[in-house]
file work20.cif (mmCIF, C-alpha atoms and all ligand atoms)
data_final
#
loop_
_atom_site.label_atom_id
_atom_site.label_comp_id
_atom_site.auth_asym_id
_atom_site.auth_seq_id
_atom_site.Cartn_x
_atom_site.Cartn_y
_atom_site.Cartn_z
CA MET A 687 67.00 81.38 87.08
CA ALA A 688 65.16 78.18 86.10
CA LEU A 689 61.47 77.80 86.78
CA ARG A 690 60.47 75.46 89.56
CA LEU A 691 57.25 73.44 89.73
CA GLN A 692 55.45 72.10 92.78
CA MET A 693 52.30 70.17 91.97
CA LEU A 694 49.62 70.60 94.63
CA GLY A 695 48.18 67.42 93.21
CA THR A 696 48.90 65.04 90.37
CA GLY A 697 45.66 63.08 90.23
CA GLY A 698 43.08 62.68 87.51
CA ALA A 699 39.58 64.02 88.02
CA PHE A 700 38.40 61.05 90.08
CA ALA A 701 41.65 60.11 91.86
CA LYS A 702 41.31 59.73 95.62
CA LYS A 703 44.96 59.14 96.60
CA TYR A 704 46.10 62.29 94.83
CA PHE A 705 44.80 65.84 94.82
CA ASN A 706 43.58 67.47 91.60
CA ASN A 707 46.25 68.14 89.00
CA ASN A 708 47.06 71.73 89.95
CA GLY A 709 50.55 73.19 90.16
CA LEU A 710 52.50 76.06 91.64
CA LEU A 711 55.02 77.43 89.18
CA TYR A 712 57.74 79.48 90.83
CA ALA A 713 59.67 82.06 88.80
CA ASP A 714 62.24 84.43 90.36
CA ASP A 715 59.69 87.12 90.98
CA PHE A 716 56.34 85.42 90.52
CA THR A 717 54.29 82.48 91.81
CA LEU A 718 51.63 81.19 89.44
CA LEU A 719 48.93 78.71 90.39
CA ILE A 720 48.11 76.59 87.35
CA ASP A 721 44.48 75.54 87.73
CA CYS A 722 42.54 75.69 90.97
CA GLY A 723 40.41 72.58 91.30
CA ILE A 724 38.05 71.32 93.96
CA THR A 725 40.92 70.07 96.12
CA ALA A 726 43.24 73.08 95.66
CA PRO A 727 42.30 74.92 98.88
CA LEU A 728 43.02 71.84 101.02
CA ALA A 729 46.17 70.99 99.07
CA LEU A 730 47.46 74.56 99.52
CA HIS A 731 46.70 74.37 103.23
CA GLN A 732 48.57 71.07 103.58
CA THR A 733 51.50 72.40 101.55
CA GLY A 734 51.71 75.44 103.84
CA VAL A 735 51.27 77.98 101.05
CA SER A 736 49.02 80.88 101.94
CA LEU A 737 46.75 82.36 99.30
CA ASP A 738 48.34 85.81 99.43
CA LYS A 739 51.68 84.36 98.30
CA ILE A 740 50.11 83.43 94.95
CA ASP A 741 50.56 86.22 92.42
CA ALA A 742 48.02 84.87 89.96
CA VAL A 743 45.99 81.83 88.98
CA LEU A 744 45.73 80.62 85.39
CA VAL A 745 43.04 78.17 84.33
CA THR A 746 43.38 75.74 81.42
CA HIS A 747 39.74 74.72 81.01
CA ILE A 748 36.43 74.45 82.81
CA HIS A 749 36.27 71.14 84.62
CA GLY A 750 35.86 70.85 88.39
CA ASP A 751 39.35 69.45 88.96
CA HIS A 752 40.73 72.63 87.32
CA VAL A 753 38.37 75.42 88.43
CA GLY A 754 36.31 74.02 91.33
CA GLY A 755 38.38 75.86 93.98
CA LEU A 756 38.00 79.32 92.48
CA GLU A 757 34.93 80.28 94.49
CA GLU A 758 36.74 79.68 97.78
CA PHE A 759 39.87 81.38 96.44
CA ALA A 760 37.94 84.53 95.51
CA PHE A 761 35.93 84.68 98.75
CA ARG A 762 38.95 84.11 100.98
CA MET A 763 40.97 86.74 99.14
CA LYS A 764 38.09 89.21 99.44
CA TYR A 765 37.25 88.65 103.09
CA GLY A 766 40.69 87.52 104.32
CA TYR A 767 43.01 89.84 102.38
CA GLY A 768 40.70 92.57 101.05
CA ARG A 769 41.60 92.12 97.41
CA LYS A 770 40.78 90.25 94.24
CA PRO A 771 43.03 87.48 92.96
CA VAL A 772 44.59 87.97 89.54
CA LEU A 773 43.09 85.50 87.08
CA TYR A 774 44.69 84.70 83.72
CA ILE A 775 42.21 83.07 81.40
CA ALA A 776 41.72 82.53 77.68
CA ASP A 777 39.36 85.12 76.26
CA LYS A 778 36.98 82.39 75.09
CA LEU A 779 36.64 80.96 78.62
CA VAL A 780 35.62 84.17 80.42
CA ALA A 781 31.89 83.93 79.72
CA PRO A 782 31.55 80.17 80.32
CA LEU A 783 33.53 80.31 83.58
CA TRP A 784 31.24 82.98 84.98
CA GLU A 785 27.92 81.95 83.49
CA ASN A 786 28.24 78.20 83.83
CA THR A 787 30.47 77.68 86.84
CA LEU A 788 30.95 80.59 89.25
CA LYS A 789 27.90 82.85 89.00
CA GLY A 790 25.71 80.76 91.28
CA GLY A 791 28.11 80.83 94.21
CA LEU A 792 29.86 84.17 93.84
CA SER A 793 27.09 86.51 92.70
CA GLN A 794 25.80 88.85 95.41
CA GLU A 795 25.62 92.59 95.95
CA GLY A 796 28.84 94.00 94.49
CA ILE A 797 29.73 90.87 92.56
CA ALA A 798 27.88 90.69 89.27
CA SER A 799 30.60 89.54 86.91
CA LEU A 800 33.88 87.65 86.80
CA GLU A 801 35.67 91.01 86.89
CA ASP A 802 34.01 91.88 90.21
CA ALA A 803 35.52 88.77 91.81
CA PHE A 804 38.90 88.61 90.04
CA GLU A 805 41.41 90.91 88.39
CA VAL A 806 40.81 89.30 85.01
CA ARG A 807 43.65 89.29 82.48
CA THR A 808 42.68 87.65 79.24
CA LEU A 809 45.04 85.54 77.19
CA THR A 810 44.85 85.12 73.44
CA GLU A 811 46.31 82.39 71.30
CA GLY A 812 49.34 83.27 69.22
CA THR A 813 50.59 85.91 71.66
CA VAL A 814 53.37 85.60 74.20
CA HIS A 815 52.09 87.15 77.42
CA SER A 816 54.52 88.46 80.05
CA LEU A 817 53.21 87.65 83.50
CA SER A 818 56.39 89.10 85.03
CA PRO A 819 59.94 89.85 83.84
CA SER A 820 60.88 86.19 84.44
CA LEU A 821 57.67 84.43 83.39
CA LYS A 822 56.12 84.40 79.95
CA VAL A 823 53.30 82.20 78.71
CA GLU A 824 51.69 81.35 75.41
CA ILE A 825 48.40 79.44 75.37
CA MET A 826 47.73 76.75 72.78
CA GLN A 827 44.25 75.31 72.31
CA THR A 828 44.52 71.53 72.39
CA PRO A 829 41.68 69.02 71.86
CA HIS A 830 40.02 67.58 74.99
CA ILE A 831 36.21 67.44 74.95
CA PRO A 832 34.54 68.24 71.63
CA GLY A 833 33.04 71.74 71.76
CA LYS A 834 34.82 72.63 75.00
CA ALA A 835 37.92 74.78 74.73
CA SER A 836 41.04 73.66 76.63
CA TYR A 837 44.44 75.35 76.55
CA SER A 838 47.90 73.90 77.02
CA LEU A 839 50.64 76.26 78.15
CA TYR A 840 54.11 77.08 76.86
CA PHE A 841 56.30 78.81 79.41
CA ASN A 842 59.34 80.91 78.61
CA GLY A 843 59.57 79.39 75.13
CA GLU A 844 60.85 76.06 76.49
CA ILE A 845 58.49 74.34 78.95
CA PHE A 846 55.25 72.73 77.74
CA TYR A 847 52.50 72.07 80.29
CA SER A 848 49.67 70.04 78.83
CA ALA A 849 46.09 70.77 79.68
CA ASP A 850 43.79 67.76 79.69
CA LYS A 851 44.12 66.69 76.07
CA THR A 852 44.05 63.89 73.58
CA PHE A 853 47.28 62.59 72.06
CA GLN A 854 48.89 65.18 69.77
CA PRO A 855 52.21 63.69 68.62
CA ASP A 856 52.71 66.26 65.85
CA LEU A 857 52.42 69.13 68.30
CA LEU A 858 54.95 67.54 70.67
CA THR A 859 57.36 66.85 67.79
CA ARG A 860 57.02 70.40 66.47
CA LEU A 861 57.62 71.93 69.90
CA VAL A 862 60.81 69.93 70.38
CA GLU A 863 62.19 70.15 66.84
CA GLN A 864 61.20 73.69 65.95
CA ARG A 865 60.51 75.58 69.17
CA ASN A 866 63.31 74.63 71.55
CA CYS A 867 61.06 72.75 73.94
CA ARG A 868 63.20 70.98 76.54
CA LYS A 869 60.60 69.78 79.08
CA ILE A 870 57.07 68.42 78.67
CA LEU A 871 54.75 68.06 81.65
CA HIS A 872 52.08 65.79 80.23
CA GLU A 873 48.78 64.40 81.40
CA VAL A 874 48.38 60.63 81.16
CA GLN A 875 45.62 58.07 81.45
CA LEU A 876 47.02 54.76 82.61
CA THR A 877 44.07 52.41 82.01
CA GLY A 878 41.26 52.16 79.48
CA PRO A 879 40.77 53.99 76.20
CA GLY A 880 41.96 57.62 76.06
CA GLU A 881 38.93 59.22 74.44
CA VAL A 882 39.36 62.64 76.05
CA HIS A 883 42.85 62.06 77.50
CA THR A 884 46.25 60.73 76.33
CA THR A 885 47.00 57.10 77.19
CA LEU A 886 50.30 55.79 78.47
CA ASP A 887 50.50 53.51 75.42
CA GLU A 888 50.23 56.52 73.14
CA LEU A 889 53.05 58.33 74.95
CA LEU A 890 55.15 55.14 74.90
CA SER A 891 54.83 55.12 71.10
CA LEU A 892 56.77 58.40 70.84
CA PRO A 893 60.47 58.30 69.96
CA ALA A 894 62.93 58.14 72.87
CA ALA A 895 64.15 61.69 72.11
CA LEU A 896 60.68 62.96 73.01
CA ARG A 897 59.96 60.54 75.84
CA GLU A 898 63.06 61.64 77.72
CA LYS A 899 61.65 65.17 77.98
CA ILE A 900 58.28 64.04 79.39
CA MET A 901 57.11 63.90 83.00
CA LEU A 902 53.69 62.40 83.70
CA MET A 903 50.82 63.92 85.69
CA HIS A 904 46.99 63.78 86.00
CA TYR A 905 47.10 60.02 86.67
CA GLY A 906 44.80 57.66 88.53
CA ASP A 907 45.14 55.92 91.88
CA GLU A 908 46.78 52.94 90.16
CA MET A 909 49.96 54.97 89.44
CA GLU A 910 52.25 52.90 91.73
CA ASP A 911 51.48 49.76 89.67
CA TYR A 912 52.97 51.51 86.64
CA ILE A 913 56.32 52.47 88.09
CA GLY A 914 58.96 50.89 85.85
CA ARG A 915 56.51 50.61 82.94
CA THR A 916 56.86 54.13 81.53
CA LYS A 917 60.34 53.94 79.92
CA GLU A 918 62.13 57.32 80.27
CA MET A 919 58.99 59.13 81.47
CA GLU A 920 58.88 59.73 85.23
CA PHE A 921 55.77 60.39 87.28
CA LEU A 922 55.62 63.87 88.79
CA ARG A 923 54.97 63.55 92.53
CA GLN A 924 52.67 65.96 94.28
CA HIS A 925 54.26 68.46 96.70
CA GLU A 926 57.85 67.78 95.53
CA ILE A 927 59.61 70.78 94.03
CA TYR A 928 61.19 70.19 90.60
CA THR A 929 63.63 72.50 88.90
CA LEU A 930 62.55 72.55 85.27
O1 LIG A 1001 33.44 62.89 77.35
C1 LIG A 1001 33.88 62.74 78.49
C2 LIG A 1001 33.82 63.78 79.45
C3 LIG A 1001 34.33 63.57 80.72
N1 LIG A 1001 34.87 62.37 81.04
C4 LIG A 1001 35.42 62.15 82.41
O2 LIG A 1001 35.06 63.26 83.23
C5 LIG A 1001 36.25 63.90 83.67
C6 LIG A 1001 36.20 65.36 83.81
O3 LIG A 1001 37.51 65.83 84.22
P1 LIG A 1001 38.79 65.40 83.36
O4 LIG A 1001 38.73 66.07 82.05
O5 LIG A 1001 39.99 65.50 84.21
O6 LIG A 1001 38.56 63.85 83.10
C7 LIG A 1001 37.28 63.55 82.59
C8 LIG A 1001 36.95 62.11 82.36
O7 LIG A 1001 37.43 61.33 83.40
C9 LIG A 1001 34.96 61.38 80.10
O8 LIG A 1001 35.49 60.29 80.38
N2 LIG A 1001 34.44 61.59 78.87
ZN ZN A 1002 41.33 67.12 84.60
ZN ZN A 1003 39.25 68.10 81.71
#
call {"tool": "encode", "arguments": {"input": "work20.cif", "output": "structure tokens"}}
result
Amino acid sequence: MALRLQMLGTGGAFAKKYFNNNGLLYADDFTLLIDCGITAPLALHQTGVSLDKIDAVLVTHIHGDHVGGLEEFAFRMKYGYGRKPVLYIADKLVAPLWENTLKGGLSQEGIASLEDAFEVRTLTEGTVHSLSPSLKVEIMQTPHIPGKASYSLYFNGEIFYSADKTFQPDLLTRLVEQRNCRKILHEVQLTGPGEVHTTLDELLSLPAALREKIMLMHYGDEMEDYIGRTKEMEFLRQHEIYTL
């Protein structure tokens, strides 16, 4: 059966009308939380999804809007459900996530490493990882902040989910023309220069054959002003469930 996606939030890091850009990906036999930002615990609560229904969380990179909810997630799973959440993470992000983000809050007697708080399953580039019989993922490092690794995701060899990233037209073209990609969930920055993100103008410069596969996410509070100005590319709406 097709994958379904329910964004807990579709906002950029500083959006106030939208929660952080985190998504629930539903496969037949598996529910994956893609990123767990600062607002994820509240967004999950409002969506009516309890933590124990999430089979695993996967993080794309270490910014607060993508990992800031992990401390609460781990503590509530430990004290509320008596177990550790499964965490999929690129091998290169394991040390920075613990040392630079989570250690201060989570470390205590019995929790001295990321593995003490989560069932850590590392992901490597160039490998297709089976999360379940119906859900496979490949991670692809894509440029975001210089010197800071960030990984876009390719699900079941056909669905591309961009991490925060700069414009990479060649990658998008290659995925569609050579790797059977039929849907692209893409971050977008609506105003100002892209710098560490992809601007709407950049995405509008792509050929129609690519644009028609793209849905937009990680946008600012000004999104409504841009409805009708994105050609074939629709805005993903938080909490709605999309069949991919
Ligand atoms: O070199 C930098 C680093 C960061 N930032 C801002 O901080 C935010 C962090 O989360 P984000 O990656 O969703 O979005 C980023 C930008 O809004 C930036 O504009 N330039
Ligand atoms: Zn972000
Ligand atoms: Zn980021």
call {"tool": "residues_around", "arguments": {"input": "work20.cif", "residues": "range 858-870 of chain A", "least_positions_apart": "4", "cutoff": "7 Å", "atoms": "all atoms listed in the file", "output": "MDAnalysis selection string"}}
result
chainID A and resid 843:847 854 899:901
call {"tool": "closest_atom_pairs", "arguments": {"input": "work20.cif", "of": "range 695-794 of chain A", "to": "range 873-878 of chain A", "cutoff": "12 Å", "atoms": "all atoms listed in the file", "output": "JSON lines"}}
result
{"residue": "A:Thr696", "atom": "CA", "partner": "A:Glu873", "partner_atom": "CA", "distance": 9.0}
{"residue": "A:Gly697", "atom": "CA", "partner": "A:Glu873", "partner_atom": "CA", "distance": 9.5}
{"residue": "A:Gly698", "atom": "CA", "partner": "A:Gln875", "partner_atom": "CA", "distance": 8.0}
{"residue": "A:Ala699", "atom": "CA", "partner": "A:Gln875", "partner_atom": "CA", "distance": 10.7}
{"residue": "A:Phe700", "atom": "CA", "partner": "A:Gln875", "partner_atom": "CA", "distance": 11.6}
{"residue": "A:Ala701", "atom": "CA", "partner": "A:Gln875", "partner_atom": "CA", "distance": 11.3}
{"residue": "A:Asn706", "atom": "CA", "partner": "A:Glu873", "partner_atom": "CA", "distance": 11.9}
{"residue": "A:Asn707", "atom": "CA", "partner": "A:Glu873", "partner_atom": "CA", "distance": 8.8}
{"residue": "A:Asn708", "atom": "CA", "partner": "A:Glu873", "partner_atom": "CA", "distance": 11.4}
call {"tool": "atom_distance", "arguments": {"input": "work20.cif", "atom1": "atom O8 of ligand LIG 1001 (chain A)", "atom2": "CA of Ser848 in chain A"}}
result
17.3 Å
call {"tool": "residues_near_point", "arguments": {"input": "work20.cif", "point": "(49.6, 69.4, 97.8)", "cutoff": "10 Å", "atoms": "only C-alpha atoms", "output": "count of residues only"}}
result
27
call {"tool": "atom_distance", "arguments": {"input": "work20.cif", "atom1": "CA of Thr916 in chain A", "atom2": "CA of Leu889 in chain A"}}
result
8.7 Å
call {"tool": "build_atoms", "arguments": {"input": "work20.cif", "residues": "range 781-804 of chain A", "atoms": "N, CA, C and O atoms", "output": "compact mmCIF listing (two decimals), keeping the file's coordinate frame"}}
result
# COMPACT_ATOMS: atom_id res chain seq x y z
N ALA A 781 33.35 84.02 79.57
CA ALA A 781 31.89 83.93 79.72
C ALA A 781 31.47 82.58 80.29
O ALA A 781 30.70 82.52 81.26
N PRO A 782 31.96 81.45 79.74
CA PRO A 782 31.55 80.17 80.32
C PRO A 782 31.95 79.99 81.79
O PRO A 782 31.20 79.42 82.57
N LEU A 783 33.11 80.49 82.17
CA LEU A 783 33.53 80.31 83.58
C LEU A 783 32.56 81.03 84.51
O LEU A 783 32.15 80.49 85.54
N TRP A 784 32.16 82.24 84.12
CA TRP A 784 31.24 82.98 84.98
C TRP A 784 29.82 82.41 84.88
O TRP A 784 29.21 82.04 85.89
N GLU A 785 29.33 82.32 83.66
CA GLU A 785 27.92 81.95 83.49
C GLU A 785 27.62 80.52 83.92
O GLU A 785 26.57 80.24 84.49
N ASN A 786 28.54 79.62 83.63
CA ASN A 786 28.24 78.20 83.83
C ASN A 786 28.84 77.61 85.09
O ASN A 786 28.48 76.50 85.48
N THR A 787 29.81 78.29 85.69
CA THR A 787 30.47 77.68 86.84
C THR A 787 30.39 78.54 88.10
O THR A 787 30.00 78.06 89.15
N LEU A 788 30.74 79.82 88.02
CA LEU A 788 30.95 80.59 89.25
C LEU A 788 29.78 81.49 89.66
O LEU A 788 29.66 81.84 90.84
N LYS A 789 28.94 81.85 88.72
CA LYS A 789 27.90 82.85 89.00
C LYS A 789 27.02 82.45 90.19
O LYS A 789 26.72 83.28 91.06
N GLY A 790 26.63 81.20 90.22
CA GLY A 790 25.71 80.76 91.28
C GLY A 790 26.26 81.01 92.67
O GLY A 790 25.56 81.48 93.56
N GLY A 791 27.53 80.70 92.87
CA GLY A 791 28.11 80.83 94.21
C GLY A 791 28.62 82.21 94.53
O GLY A 791 28.50 82.69 95.66
N LEU A 792 29.18 82.90 93.55
CA LEU A 792 29.86 84.17 93.84
C LEU A 792 28.95 85.39 93.73
O LEU A 792 29.23 86.43 94.33
N SER A 793 27.86 85.28 92.94
CA SER A 793 27.09 86.51 92.70
C SER A 793 26.36 86.94 93.97
O SER A 793 25.77 86.14 94.69
N GLN A 794 26.45 88.21 94.26
CA GLN A 794 25.80 88.85 95.41
C GLN A 794 25.95 90.35 95.17
O GLN A 794 26.52 90.77 94.18
N GLU A 795 25.48 91.15 96.10
CA GLU A 795 25.62 92.59 95.95
C GLU A 795 27.11 92.93 95.79
O GLU A 795 27.94 92.50 96.60
N GLY A 796 27.44 93.62 94.72
CA GLY A 796 28.84 94.00 94.49
C GLY A 796 29.61 93.01 93.65
O GLY A 796 30.74 93.29 93.24
N ILE A 797 29.06 91.85 93.43
CA ILE A 797 29.73 90.87 92.56
C ILE A 797 28.73 90.40 91.50
O ILE A 797 27.87 89.55 91.77
N ALA A 798 28.84 91.00 90.33
CA ALA A 798 27.88 90.69 89.27
C ALA A 798 28.56 90.15 88.02
O ALA A 798 27.91 89.87 87.02
N SER A 799 29.87 90.03 88.08
CA SER A 799 30.60 89.54 86.91
C SER A 799 31.91 88.94 87.38
O SER A 799 32.33 89.13 88.53
N LEU A 800 32.58 88.24 86.46
CA LEU A 800 33.88 87.65 86.80
C LEU A 800 34.86 88.74 87.23
O LEU A 800 35.65 88.54 88.16
N GLU A 801 34.75 89.90 86.59
CA GLU A 801 35.67 91.01 86.89
C GLU A 801 35.45 91.59 88.28
O GLU A 801 36.34 92.23 88.84
N ASP A 802 34.26 91.39 88.84
CA ASP A 802 34.01 91.88 90.21
C ASP A 802 34.66 90.97 91.25
O ASP A 802 34.87 91.37 92.39
N ALA A 803 34.94 89.73 90.86
CA ALA A 803 35.52 88.77 91.81
C ALA A 803 37.02 88.58 91.61
O ALA A 803 37.73 88.22 92.55
N PHE A 804 37.48 88.82 90.38
CA PHE A 804 38.90 88.61 90.04
C PHE A 804 39.43 89.80 89.25
O PHE A 804 38.67 90.47 88.56
